[in-house]
Amino acid sequence: MLRHAIAPSRRFTKASHDVVRHPRLSSDAKILLLYVQGLPEDTPCRPLSELARKLGIKGRAYQKTKEQLVAHGYVHEWRTQGGRGRWITEQLVANTPLTDEQAEHLRGAPATTSPPSTQIPTVGEPATRTVGGCKPVEDHSDKTTPHPPSEARPTTDPEPEPTPRPADSHQLACAERVLLSLRHTRRELHLGVREARALAVEAVKWLERGLSESDLRRALLAERPEDGVRSAFGFLRYRLIQKLPADPAPDPAPPPLPQLPSPAPLVVCSSPGEEHVFRPLGEETECAPCRQAAACATFYGAPAPEPDGIPWRERFAKIGVTQSSPGGE
């Protein structure tokens with residue numbers, strides 16, 4: 001490969017190799033990031049979409065470019081509502097990937113030049129000038145409107161998102177997989193990895209109420225809005241919260257088992273003979289076999305027949321003794 005390069009003496013931008021050689025950023029994303037990085041310090045604040053239009057990046061191409069920059073930590077946004085009801089988008093563009101905490105720190109700090117920090121990555125080299133940090137009004141539809149985009153209406157004091165429990169890690173992974181698979185059916189519902197991970201907390205509530213992954217996917221894809229979806233994250237978050245099914249009623253408790261009467265205590269049979277005990281049903285003092293033997297002796301003058309409960313060995317033994325006796329011949 002032949003290469004001929006002349007380093008410019010002025011009007012140049014220092015680009016990080018991490019940006020130029022990033023394997024997951026498209027060429028539009030890299031060009032837009034380098035263009036914003038090379039803006040002079042006295043340039044008025046402009047929305048990122050307006051800067052992208054100067055480079056010919058418009059419409060869906062701009063949306064995909066911004067999604068990539070947001071997913072990899074190069075662009076951070078905060079949407080707030082002004083006093084007159086207008087929605088204001090505050091953007092922070094950095095040439096170094098930042099976490100949400102680091103972006104919040106730079107958002108609140110003044111945009112002044114200071115020595116590099118070992119904890120917070122610097123924005124730009126060698127100085128730490130914050131690229132962005134203003135509050136422009138970003139209009140995706142080329143129309144000025146005081147109404148919010150097609151997403152959930154934020155409240156003045158949003159509740160903090162619940163921290164997922166370790167026991168829900170499997171369901172969180174399933175919910176995140178469902179959210180990322182929506183783009184294969186409807187391209188306008190394309191989510192980044194961070195966006196899907198944030199929405200998985202709300203999607204897990206559907207799975208905890210007995211719905212399967214297929215049911216969750218069908219619910220999120222049903223009833224397509226007539227005017228389309230301008231924000232996949234806001235649209236899905238609104239649907240996950242507003243369309244959450246009711247918690248199934250718990251199974252009724254089984255009826256209690258009936259209380260059985262306690263058995264009567266054992267008493268000693270009062271009939272003559274070998275002492276034995278039995279459990280009376282009423283106030284009787286003799287067991288049933290003894291009463292039967294006494295009744296037979298009274299009415300028939302003969303002993304009671306042998307009960308059926310005698311084992312067969314004893315029966316054969318008695319029969320053998322009777323046959324072998326002299327009177328039996």
# chains A, B, ... in the order shown; residues from 1 in each chain; ligands from 1

$ select_by_dssp --residues "range 66-111 of chain A" --states "strand (DSSP E or B)" --output "list of chain:residue names"
A:Val75, A:His76, A:Glu77, A:Trp78, A:Arg79, A:Thr80, A:Gln81, A:Trp87, A:Ile88, A:Thr89, A:Glu90, A:Gln91, A:Leu92, A:Val93

$ residues_around --residues "Glu213 in chain A" --least-positions-apart "3" --cutoff "9 Å" --atoms "only C-alpha atoms" --output "NGL selection string"
:A and (174-175 or 178 or 207 or 216-218)

$ residues_around --residues "Gln171 in chain A" --least-positions-apart "2" --cutoff "12 Å" --atoms "only C-alpha atoms" --output "list in words"
Pro164, Arg165, Pro166, Ala167, Asp168, Ser169, Ala173, Cys174, Ala175, Glu176, Arg177, Val178, Arg197, Ala200, Val201, Glu202, Ala203, Val204, Lys205, Trp206, Leu207, Glu208, Arg209, Gly210, Leu211, Ser212 and Glu213 of chain A

$ residues_around --residues "range 28-37 of chain A" --least-positions-apart "3" --cutoff "9 Å" --atoms "only C-alpha atoms" --output "PyMOL selection string"
chain A and resi 13-15+19-20+22+25+40+48+51-52+55+57+61-62+64-66+68-69+74+93-95+124+131-132

$ atom_distance --atom1 "CA of Leu106 in chain A" --atom2 "CA of Gly38 in chain A"
19.2 Å

$ atom_distance --atom1 "CA of Leu182 in chain A" --atom2 "CA of Ala222 in chain A"
11.4 Å

$ atom_distance --atom1 "CA of Arg86 in chain A" --atom2 "CA of Thr43 in chain A"
24.3 Å

$ closest_residue --among "A:Arg84, A:Arg79, A:Lys58, A:Arg230" --to "His190 in chain A" --atoms "only C-alpha atoms"
A:Arg230
